[in-house]
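**Q** Can you keep this structure in mind? I'll have questions shortly.
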Amino acid sequence: YFAGAPCGACARCDPGFGGPRTGPVQVASVIILPIPSSEALARELLLAALEDLSQEQLKRFRHKLRDAPLEGRSIPWGRLENSDPVDLVDKLTQFYGSEPAVDVTRKILKKADARDVAMRLKEQQLQRLGPSSAVLSVSEYKKKYREHVLLQHAKVKERNARSVKINKRFTKLLIAPGSGAVEDELLGRSEEPEPERARRSDTHTFNRLFRGDDQGLRPLTVVLQGPAGIGKTMAAKKILYDWASGKLYHGQVDFAFFMPCGELLERPGTRSLADLILDQCPDRKAPVRQMLAHPQRLLFILDGADELPAVVAPEAAPCTDPFEATSGLRVLSGLLSQELLPLARLLVTTRNVASGRLQGRLCSPQCAEVRGFSDKDKKKYFFKFFQDERKAERAYRFVKENETLFALCFVPFVCWIVCTVLQQQLELGRDLSRTSKTTTSVYLLFIASMLKSAGANGPRVQGELRTLCRLAREGILKHQAQFSENEIERLKLQGSQVQALFLSKKELLGVLEKEVTYQFVDQSFQEFLAALSYLLEAEGAPGAPGGGVQMLLNSDLELRGYLALTTRFLFGLLSAERIRDIERHFGCVVPPRVKQDTLRWVQGQGHPKVAPVGADKKDELEDTEEAEEEEEDLDFGLELLYCLYETQEDAFVRQALGSLPEMVLERIRFTRMDLEVLSYCVQCCPPGQALRLVNCGLVEAKQKKKKSLVKRLTGSQNTTKQTPVSLLRPLCEAMTAQQCGLSILILSHCKLPDTVCRDLSEALKVAPALKELGLLQNRLTEAGLRLLCEGLAWPKCQVQTLRVQLPSLQEAIQYLVIVLQQSRALTTLDLSGCQLLGYMVSCLCSALKYPTCCLKTLSLTSVELSDVSLRELQAVKTSKPDLTILHSKL
């Protein structure tokens, strides 16, 4: 401060200060010099060293510096040539960072035969910057950190607490291009592009995750999405381990950090991103500032981003300062939105149910879908689990005989449950349930197996399991996955059989001592046990956490996505067979009201939402549009069908769908499991049901297969392009079931390759209830049109109403004419909105006059017709009085 300038009184300026003063204090002449920053000191040391060089030494220094790369990059010679010491200091600090530049300069000085200057620089560096700066440069610390990651993540804990090497346990998964929204490209090319293949999760595939697009732009955010238990966390840890091994992102990523979102959200207190980075380093001497100075060289792996709340409060705005001590939510939100370190790379894992709402937080993400195990991978997992080849072979053949259960094993966690149950039962000769068609039934089978093995301790284990279910439910409703040691002791679960089997122990470094926490072996198990708790106690029983199923099902939109899997498990447990299993194993009576309330909730989703009386119309539109989008995704979309599929109770599903006259699925790229779910629900449709698929992808991404050694050596002679696989076949087969009541099928803005048209055509021939088909703005080849019309013209086809809007209608006319001439059922043809040229109208008129044509109504609303075409249609109308032609000029 300058002499005479007032300053606020404080104990630091005045040791005798005893309390607040009422006025300013006059301070004597004091000059406070600013302490130079480490960057300023480094620049000062560099300049002093370079000015000590002779012109010849400086020249040699510049030449040697040209050959000192950093991760494959060097300072261009054009920027070094003729540079004086001041220019060199600027270039060194910009390229390497201030303190690392001192280390680089020392090494180059030695190579330039200026060892005396290098020694003086090292002495000054130790004196003025401290010993750590000479040792902990970023380039040197990177090697130390990689070694630490390899040591920390070389082994993973299995769910039975056994530690195994990650390379030994990791079984490759299938990873396909993301199943985000399907593009609506009506003006694009007419043929279906072949989908990119699903690839095995090996080093090559992981390296492709951050691959650039056709324009060379690399994504900074990659989202790995997939259902619970599919192996996203294991894949993320394998990526971290492979990076530390030098197999991934070589020359692109200096430091990679693994951040479990759920754990960070539940951690009390405040911490900065820099603190979180230090927590993962081998010591507290990590050059964090230098790391963060080059964010483009950092990779953050955010595991379980679906844990983040759907709606963020204003006070939890994204953090923008990596050194600000704040909540875990703000740090994660800052990283996801790229407001914090916008140049850093992000690898985000999330469940499919949360991927939609997560999109709003992310900046231009590239999505990849984790599809789990292929059939070959399942076999490899069995052999890795059992380790004994004979037992593994017996177990694998045992499960493969159960087709539905074997299909479910594409989820690694389900594989683990099945293997664990088999390990207990195989020697006893007990068979797995032949009704294990759903994830719920497999999880319940695991519980039943555990209770059976308890023997005389069965009643005690039952009680412990009930308590554990209550804990799971409390945690789910509170968005809590970590439980303290005190909570486990309070519930008398410490050291119990269920604690050892279902909970994993984790030790965290606290301020004074280690903090011990527990979490469920898999989050999906916590959600399953939470759902089971609703059936193990009467509705509204004293002490029941969170009330009954109505509170679960009617939760607000923020929680509904988070509770989706719990809700799905609840439906699965409500089938008559599952209820009998629960009552037998737990010795209780499941309240009938649980199932009744759940059915009423489904039936209520078909009723329109009523706005509050007196609400402003503008506000009403704004408020309801967003809510309707959210609710449509969950109430009328694929998630509700998954819930119904879990029940595997036809009568219940038929009764539930009766209140939903139309199922609408929009902008979905179907997986095999999605179609399995949809097909089951369609098979259970009550009469009059409608299904509308809008802008959906119906072609499967094929698995990339390696050629055999013989084929690679001899070269494959078969150059024929493989036909894309039709995903619609299960749905088409379901439509032909005698109990299927599906009456209306609308395919709008979908891409229908010939394989789909072939399957749909076969279904049209024999579907017992289908009365209306809509083909609206779909991509069809001429061969596809021919196949569809062949099915429509089939004698036993029941379709009475055909609605057509096709860009290629010119090609369709000749086939529609055949349908009109041969179909005995078609009575209504709707071509509204189409473009009909003169010759096309003439073809239609000729078909309408055909003696076997049964058409009663031809709708041409909004179709522009020439005078000649109008006269032709009028003539047909006159000759066939029973035919109604709908057009404004007729």
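Chain labels run A, B, ... following the order of the structure tokens; each chain numbers its residues from 1, and ligands are numbered from 1 in the order shown.
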Would you list the contacts of Leu553 of chain A as an NGL selection string, taking every protein, DNA or RNA residue within 8 Å and counting only C-alpha atoms, but skipping same-chain residues closer than 3 positions in sequence?
**A** :A and (549-550 or 560 or 567 or 598 or 601)
**Q** Would you mind exporting the chosen residues as a compact mmCIF listing (two decimals), in the first residue's frame, restricted to all heavy atoms?
**A**
```
# COMPACT_ATOMS: atom_id res chain seq x y z
N VAL A 549 -46.84 -49.33 -3.66
CA VAL A 549 -46.47 -49.28 -5.07
C VAL A 549 -46.98 -48.04 -5.76
O VAL A 549 -46.39 -47.58 -6.74
CB VAL A 549 -46.98 -50.54 -5.81
CG1 VAL A 549 -46.26 -51.77 -5.32
CG2 VAL A 549 -48.48 -50.70 -5.65
N GLN A 550 -48.08 -47.47 -5.27
CA GLN A 550 -48.61 -46.26 -5.92
C GLN A 550 -47.60 -45.12 -5.86
O GLN A 550 -47.46 -44.36 -6.82
CB GLN A 550 -49.93 -45.84 -5.24
CG GLN A 550 -51.10 -46.77 -5.52
CD GLN A 550 -51.59 -46.63 -6.97
OE1 GLN A 550 -51.00 -45.93 -7.77
NE2 GLN A 550 -52.69 -47.30 -7.30
N ARG A 560 -38.67 -40.83 -12.16
CA ARG A 560 -39.23 -41.97 -12.88
C ARG A 560 -38.19 -42.70 -13.72
O ARG A 560 -38.15 -43.92 -13.78
CB ARG A 560 -40.40 -41.53 -13.75
CG ARG A 560 -41.21 -42.69 -14.27
CD ARG A 560 -42.49 -42.22 -14.93
NE ARG A 560 -43.38 -41.61 -13.96
CZ ARG A 560 -44.54 -41.04 -14.28
NH1 ARG A 560 -44.91 -41.01 -15.54
NH2 ARG A 560 -45.29 -40.49 -13.37
N THR A 567 -39.17 -50.50 -11.24
CA THR A 567 -40.56 -50.70 -11.70
C THR A 567 -40.65 -51.94 -12.58
O THR A 567 -41.59 -52.73 -12.47
CB THR A 567 -41.02 -49.46 -12.48
OG1 THR A 567 -40.85 -48.29 -11.68
CG2 THR A 567 -42.48 -49.59 -12.88
N THR A 598 -51.08 -52.04 -9.38
CA THR A 598 -50.18 -51.93 -10.53
C THR A 598 -50.96 -51.97 -11.84
O THR A 598 -50.71 -51.20 -12.77
CB THR A 598 -49.14 -53.07 -10.51
OG1 THR A 598 -48.46 -53.05 -9.26
CG2 THR A 598 -48.13 -52.91 -11.63
N TRP A 601 -52.71 -48.74 -12.40
CA TRP A 601 -51.79 -47.68 -12.82
C TRP A 601 -51.56 -47.75 -14.33
O TRP A 601 -51.57 -46.74 -15.03
CB TRP A 601 -50.46 -47.82 -12.08
CG TRP A 601 -49.43 -46.84 -12.56
CD1 TRP A 601 -49.33 -45.52 -12.24
CD2 TRP A 601 -48.36 -47.11 -13.48
NE1 TRP A 601 -48.27 -44.95 -12.89
CE2 TRP A 601 -47.65 -45.90 -13.66
CE3 TRP A 601 -47.93 -48.26 -14.15
CZ2 TRP A 601 -46.54 -45.81 -14.49
CZ3 TRP A 601 -46.82 -48.17 -14.98
CH2 TRP A 601 -46.14 -46.95 -15.14
```
**Q** Running DSSP on the backbone, which parts of segment 228-362 of chain A land in alpha helix (DSSP H), as number ranges by chain?
**A** A: 232-244, 261-266, 273-279, 288-292, 328-337, 352-358
**Q** Save the residues we just selected, C-alpha atoms, as a compact mmCIF listing (two decimals), in the first residue's frame?
**A**
```txt
# COMPACT_ATOMS: atom_id res chain seq x y z
CA LYS A 232 -20.25 -51.00 -18.89
CA THR A 233 -18.23 -50.47 -15.70
CA MET A 234 -15.94 -53.41 -16.43
CA ALA A 235 -15.40 -52.13 -19.98
CA ALA A 236 -14.60 -48.65 -18.63
CA LYS A 237 -12.06 -50.08 -16.17
CA LYS A 238 -10.51 -52.18 -18.92
CA ILE A 239 -10.13 -49.03 -21.04
CA LEU A 240 -8.34 -47.31 -18.13
CA TYR A 241 -6.07 -50.33 -17.64
CA ASP A 242 -5.28 -50.64 -21.34
CA TRP A 243 -4.46 -46.92 -21.50
CA ALA A 244 -2.00 -47.34 -18.60
CA CYS A 261 -20.60 -40.75 -10.45
CA GLY A 262 -22.77 -42.37 -7.75
CA GLU A 263 -19.93 -42.32 -5.23
CA LEU A 264 -19.03 -38.70 -5.98
CA LEU A 265 -22.65 -37.58 -5.63
CA GLU A 266 -22.99 -39.22 -2.21
CA LEU A 273 -11.76 -31.34 -9.55
CA ALA A 274 -8.08 -30.89 -8.69
CA ASP A 275 -8.72 -32.64 -5.35
CA LEU A 276 -10.48 -35.53 -7.10
CA ILE A 277 -7.49 -35.89 -9.41
CA LEU A 278 -5.07 -35.91 -6.47
CA ASP A 279 -7.16 -38.66 -4.82
CA VAL A 288 -1.99 -30.96 -10.97
CA ARG A 289 -1.74 -27.39 -12.27
CA GLN A 290 0.52 -28.49 -15.10
CA MET A 291 -1.84 -31.40 -15.88
CA LEU A 292 -4.85 -29.10 -16.04
CA GLY A 328 -19.68 -33.55 -6.69
CA LEU A 329 -22.83 -32.74 -8.67
CA ARG A 330 -21.46 -29.37 -9.80
CA VAL A 331 -18.11 -30.88 -10.80
CA LEU A 332 -19.76 -33.69 -12.79
CA SER A 333 -22.22 -31.27 -14.40
CA GLY A 334 -19.33 -29.03 -15.40
CA LEU A 335 -17.45 -31.90 -17.02
CA LEU A 336 -20.51 -33.29 -18.82
CA SER A 337 -21.52 -29.90 -20.23
CA ASN A 352 -30.34 -46.90 -21.85
CA VAL A 353 -33.25 -45.61 -19.75
CA ALA A 354 -31.25 -42.46 -18.89
CA SER A 355 -29.51 -41.83 -22.21
CA GLY A 356 -32.35 -39.60 -23.48
CA ARG A 357 -32.36 -37.11 -20.63
CA LEU A 358 -28.56 -37.21 -20.43
```
**Q** Set the distance at 8 Å and use only C-alpha atoms: which residues neighbour segment 801-811 of chain A once local chain neighbours fewer than 4 positions away are removed? I'd like the list as a short mmCIF file (atom, residue, chain, number, x, y, z; two decimals) with N, CA, C and O atoms, in the first residue's frame.
**A**
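Written out: around39.cif:
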```cif
data_model
loop_
_atom_site.label_atom_id
_atom_site.label_comp_id
_atom_site.auth_asym_id
_atom_site.auth_seq_id
_atom_site.Cartn_x
_atom_site.Cartn_y
_atom_site.Cartn_z
N LYS A 771 -56.59 -55.63 -39.83
CA LYS A 771 -57.59 -55.09 -40.75
C LYS A 771 -57.12 -53.83 -41.46
O LYS A 771 -57.71 -53.43 -42.45
N GLU A 772 -56.06 -53.19 -40.95
CA GLU A 772 -55.61 -51.94 -41.56
C GLU A 772 -54.09 -51.89 -41.57
O GLU A 772 -53.44 -52.20 -40.58
N LEU A 773 -53.53 -51.47 -42.72
CA LEU A 773 -52.08 -51.31 -42.88
C LEU A 773 -51.80 -49.93 -43.43
O LEU A 773 -52.41 -49.51 -44.42
N GLY A 774 -50.85 -49.23 -42.79
CA GLY A 774 -50.46 -47.91 -43.26
C GLY A 774 -48.99 -47.90 -43.63
O GLY A 774 -48.13 -48.29 -42.83
N LEU A 775 -48.68 -47.47 -44.84
CA LEU A 775 -47.30 -47.33 -45.31
C LEU A 775 -47.09 -45.86 -45.66
O LEU A 775 -47.46 -45.42 -46.76
N LEU A 776 -46.54 -45.09 -44.71
CA LEU A 776 -46.48 -43.64 -44.86
C LEU A 776 -45.03 -43.17 -44.94
O LEU A 776 -44.26 -43.33 -43.99
N GLN A 777 -44.67 -42.62 -46.08
CA GLN A 777 -43.35 -42.05 -46.28
C GLN A 777 -42.23 -43.00 -45.90
O GLN A 777 -41.29 -42.65 -45.18
N ASN A 778 -42.32 -44.22 -46.38
CA ASN A 778 -41.28 -45.21 -46.12
C ASN A 778 -40.39 -45.37 -47.33
O ASN A 778 -40.80 -45.14 -48.46
N ARG A 779 -39.17 -45.81 -47.10
CA ARG A 779 -38.25 -46.11 -48.19
C ARG A 779 -38.44 -47.56 -48.61
O ARG A 779 -38.25 -48.47 -47.81
N LEU A 780 -38.83 -47.76 -49.85
CA LEU A 780 -39.09 -49.10 -50.37
C LEU A 780 -38.46 -49.24 -51.75
O LEU A 780 -38.54 -48.33 -52.57
N GLU A 782 -38.36 -51.38 -55.43
CA GLU A 782 -39.42 -51.97 -56.26
C GLU A 782 -39.66 -53.42 -55.86
O GLU A 782 -40.81 -53.89 -55.82
N TYR A 815 -48.28 -52.44 -58.84
CA TYR A 815 -48.53 -53.49 -57.85
C TYR A 815 -49.84 -53.25 -57.10
O TYR A 815 -50.55 -54.19 -56.74
N LEU A 826 -59.92 -56.10 -49.37
CA LEU A 826 -59.64 -54.67 -49.40
C LEU A 826 -60.87 -53.88 -49.84
O LEU A 826 -61.36 -54.05 -50.95
N THR A 827 -61.32 -52.99 -48.95
CA THR A 827 -62.50 -52.17 -49.26
C THR A 827 -62.18 -50.68 -49.25
O THR A 827 -62.96 -49.87 -49.76
N THR A 828 -61.05 -50.29 -48.64
CA THR A 828 -60.69 -48.86 -48.55
C THR A 828 -59.24 -48.67 -48.96
O THR A 828 -58.34 -49.33 -48.42
N LEU A 829 -59.01 -47.78 -49.91
CA LEU A 829 -57.66 -47.40 -50.31
C LEU A 829 -57.52 -45.90 -50.12
O LEU A 829 -58.26 -45.12 -50.71
N ASP A 830 -56.56 -45.51 -49.26
CA ASP A 830 -56.36 -44.10 -48.95
C ASP A 830 -55.03 -43.65 -49.55
O ASP A 830 -53.96 -44.08 -49.11
N LEU A 831 -55.10 -42.80 -50.57
CA LEU A 831 -53.91 -42.24 -51.21
C LEU A 831 -53.80 -40.74 -50.95
O LEU A 831 -53.19 -40.00 -51.73
N SER A 832 -54.35 -40.28 -49.85
CA SER A 832 -54.37 -38.86 -49.53
C SER A 832 -52.96 -38.31 -49.44
O SER A 832 -52.08 -38.92 -48.83
N GLY A 833 -52.78 -37.15 -50.05
CA GLY A 833 -51.49 -36.49 -49.98
C GLY A 833 -50.48 -36.99 -51.00
O GLY A 833 -49.35 -36.50 -51.01
N CYS A 834 -50.84 -37.95 -51.83
CA CYS A 834 -49.90 -38.48 -52.82
C CYS A 834 -49.90 -37.62 -54.08
O CYS A 834 -50.81 -36.82 -54.31
N GLN A 835 -48.90 -37.79 -54.89
CA GLN A 835 -48.84 -37.15 -56.20
C GLN A 835 -49.22 -38.19 -57.25
O GLN A 835 -48.52 -39.19 -57.42
N LEU A 836 -50.32 -37.96 -57.94
CA LEU A 836 -50.81 -38.91 -58.93
C LEU A 836 -50.74 -38.27 -60.32
O LEU A 836 -51.47 -37.31 -60.62
N MET A 840 -51.02 -42.63 -63.95
CA MET A 840 -51.26 -43.38 -62.71
C MET A 840 -52.76 -43.43 -62.42
O MET A 840 -53.30 -44.47 -62.01
#
```
**Q** For Val411 of chain A, please output as a PyMOL selection string all residues within 10 Å (counting only C-alpha atoms; exclusion window: fewer than 2 positions along the same chain).
**A** chain A and resi 173+226-231+370-374+378+407-409+413-416+439
**Q** Could you dump the residues just selected with all heavy atoms as a compact mmCIF listing (two decimals), in the first residue's frame?
**A**
```txt
# COMPACT_ATOMS: atom_id res chain seq x y z
N LEU A 173 -17.03 -57.85 -25.10
CA LEU A 173 -18.44 -57.59 -25.35
C LEU A 173 -18.61 -57.13 -26.80
O LEU A 173 -17.65 -56.84 -27.49
CB LEU A 173 -18.95 -56.50 -24.41
CG LEU A 173 -18.69 -56.71 -22.91
CD1 LEU A 173 -19.02 -55.43 -22.15
CD2 LEU A 173 -19.52 -57.85 -22.39
N GLY A 226 -26.05 -48.92 -22.28
CA GLY A 226 -26.49 -50.31 -22.28
C GLY A 226 -27.29 -50.60 -21.03
O GLY A 226 -27.27 -49.82 -20.07
N PRO A 227 -28.02 -51.71 -21.00
CA PRO A 227 -28.86 -52.03 -19.84
C PRO A 227 -28.02 -52.37 -18.61
O PRO A 227 -26.81 -52.57 -18.69
CB PRO A 227 -29.67 -53.24 -20.32
CG PRO A 227 -28.84 -53.85 -21.40
CD PRO A 227 -28.13 -52.71 -22.06
N ALA A 228 -28.70 -52.48 -17.46
CA ALA A 228 -28.02 -52.79 -16.20
C ALA A 228 -27.35 -54.15 -16.29
O ALA A 228 -27.89 -55.10 -16.84
CB ALA A 228 -29.04 -52.79 -15.05
N GLY A 229 -26.13 -54.22 -15.74
CA GLY A 229 -25.41 -55.48 -15.67
C GLY A 229 -24.75 -55.90 -16.96
O GLY A 229 -24.18 -56.99 -17.04
N ILE A 230 -24.78 -55.06 -17.99
CA ILE A 230 -24.27 -55.45 -19.30
C ILE A 230 -22.75 -55.44 -19.35
O ILE A 230 -22.14 -56.02 -20.24
CB ILE A 230 -24.84 -54.52 -20.40
CG1 ILE A 230 -24.71 -55.14 -21.79
CG2 ILE A 230 -24.17 -53.17 -20.37
CD1 ILE A 230 -25.62 -56.30 -22.01
N GLY A 231 -22.10 -54.77 -18.38
CA GLY A 231 -20.64 -54.76 -18.34
C GLY A 231 -20.02 -53.42 -18.70
O GLY A 231 -18.86 -53.37 -19.09
N VAL A 370 -23.37 -50.82 -25.81
CA VAL A 370 -22.78 -52.06 -25.31
C VAL A 370 -23.84 -53.15 -25.38
O VAL A 370 -24.88 -53.06 -24.72
CB VAL A 370 -22.28 -51.90 -23.86
CG1 VAL A 370 -21.62 -53.17 -23.37
CG2 VAL A 370 -21.30 -50.74 -23.76
N ARG A 371 -23.60 -54.15 -26.19
CA ARG A 371 -24.60 -55.18 -26.44
C ARG A 371 -24.35 -56.47 -25.69
O ARG A 371 -25.08 -57.44 -25.84
CB ARG A 371 -24.68 -55.47 -27.93
CG ARG A 371 -25.20 -54.28 -28.72
CD ARG A 371 -25.56 -54.68 -30.12
NE ARG A 371 -26.22 -53.59 -30.82
CZ ARG A 371 -26.68 -53.68 -32.05
NH1 ARG A 371 -26.53 -54.82 -32.72
NH2 ARG A 371 -27.26 -52.67 -32.63
N GLY A 372 -23.30 -56.51 -24.89
CA GLY A 372 -23.07 -57.70 -24.08
C GLY A 372 -22.35 -58.81 -24.81
O GLY A 372 -21.59 -58.57 -25.75
N PHE A 373 -22.61 -60.04 -24.38
CA PHE A 373 -21.89 -61.20 -24.89
C PHE A 373 -22.53 -61.74 -26.16
O PHE A 373 -23.75 -61.84 -26.27
CB PHE A 373 -21.89 -62.33 -23.85
CG PHE A 373 -21.05 -62.07 -22.64
CD1 PHE A 373 -21.33 -62.70 -21.44
CD2 PHE A 373 -19.98 -61.19 -22.69
CE1 PHE A 373 -20.55 -62.47 -20.32
CE2 PHE A 373 -19.21 -60.95 -21.57
CZ PHE A 373 -19.49 -61.60 -20.38
N SER A 374 -21.69 -62.14 -27.09
CA SER A 374 -22.15 -62.97 -28.20
C SER A 374 -22.24 -64.40 -27.68
O SER A 374 -21.84 -64.70 -26.55
CB SER A 374 -21.17 -62.88 -29.37
OG SER A 374 -19.93 -63.48 -29.00
N LYS A 378 -20.35 -66.00 -24.34
CA LYS A 378 -21.01 -66.66 -23.21
C LYS A 378 -20.23 -67.92 -22.82
O LYS A 378 -19.99 -68.18 -21.63
CB LYS A 378 -22.45 -67.02 -23.58
CG LYS A 378 -23.35 -65.83 -23.84
CD LYS A 378 -24.70 -66.30 -24.39
CE LYS A 378 -25.51 -65.14 -24.91
NZ LYS A 378 -26.78 -65.57 -25.56
N ALA A 407 -30.41 -67.05 -23.99
CA ALA A 407 -30.48 -65.74 -24.63
C ALA A 407 -30.25 -64.62 -23.62
O ALA A 407 -29.59 -63.62 -23.91
CB ALA A 407 -31.83 -65.56 -25.32
N LEU A 408 -30.78 -64.78 -22.40
CA LEU A 408 -30.63 -63.75 -21.38
C LEU A 408 -29.18 -63.59 -20.92
O LEU A 408 -28.81 -62.55 -20.37
CB LEU A 408 -31.50 -64.08 -20.15
CG LEU A 408 -32.98 -63.74 -20.25
CD1 LEU A 408 -33.69 -64.21 -19.00
CD2 LEU A 408 -33.20 -62.25 -20.45
N CYS A 409 -28.37 -64.60 -21.15
CA CYS A 409 -26.98 -64.56 -20.69
C CYS A 409 -26.13 -63.60 -21.50
O CYS A 409 -24.91 -63.53 -21.29
CB CYS A 409 -26.38 -65.97 -20.72
SG CYS A 409 -26.92 -67.00 -19.34
N PHE A 413 -23.93 -59.82 -15.94
CA PHE A 413 -24.36 -60.04 -14.56
C PHE A 413 -25.31 -61.23 -14.46
O PHE A 413 -25.28 -62.00 -13.50
CB PHE A 413 -25.03 -58.77 -14.01
CG PHE A 413 -25.37 -58.86 -12.55
CD1 PHE A 413 -24.37 -59.04 -11.61
CD2 PHE A 413 -26.68 -58.77 -12.11
CE1 PHE A 413 -24.67 -59.13 -10.26
CE2 PHE A 413 -26.99 -58.86 -10.78
CZ PHE A 413 -25.97 -59.04 -9.84
N VAL A 414 -26.17 -61.38 -15.47
CA VAL A 414 -27.05 -62.54 -15.49
C VAL A 414 -26.21 -63.81 -15.65
O VAL A 414 -26.49 -64.84 -15.02
CB VAL A 414 -28.08 -62.42 -16.64
CG1 VAL A 414 -28.91 -63.69 -16.77
CG2 VAL A 414 -29.01 -61.23 -16.39
N CYS A 415 -25.18 -63.74 -16.46
CA CYS A 415 -24.26 -64.87 -16.61
C CYS A 415 -23.67 -65.26 -15.25
O CYS A 415 -23.56 -66.44 -14.91
CB CYS A 415 -23.12 -64.50 -17.56
SG CYS A 415 -23.13 -65.43 -19.11
N TRP A 416 -23.29 -64.26 -14.48
CA TRP A 416 -22.70 -64.54 -13.16
C TRP A 416 -23.72 -65.21 -12.25
O TRP A 416 -23.39 -66.18 -11.55
CB TRP A 416 -22.20 -63.23 -12.53
CG TRP A 416 -21.71 -63.44 -11.12
CD1 TRP A 416 -20.52 -63.96 -10.74
CD2 TRP A 416 -22.44 -63.14 -9.92
NE1 TRP A 416 -20.44 -64.01 -9.36
CE2 TRP A 416 -21.60 -63.51 -8.84
CE3 TRP A 416 -23.70 -62.60 -9.65
CZ2 TRP A 416 -21.99 -63.35 -7.51
CZ3 TRP A 416 -24.08 -62.45 -8.33
CH2 TRP A 416 -23.25 -62.82 -7.27
N THR A 439 -35.28 -61.46 -16.87
CA THR A 439 -34.26 -61.14 -15.89
C THR A 439 -34.80 -61.32 -14.48
O THR A 439 -34.11 -61.80 -13.59
CB THR A 439 -33.78 -59.69 -16.09
OG1 THR A 439 -33.49 -59.48 -17.47
CG2 THR A 439 -32.55 -59.41 -15.27
```
**Q** When you draw a straight line from atom CA of Ala317 of chain A to atom CA of Gln280 of chain A, how long is it in Å?
**A**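 Those two atoms sit 25.0 Å apart.
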**Q** Enter the distance from atom CA of Ala40 of chain A to atom CA of Asp116 of chain A, in Å, rounded to one decimal.
**A**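 Between atom CA of Ala40 of chain A and atom CA of Asp116 of chain A the gap works out to 23.1 Å.
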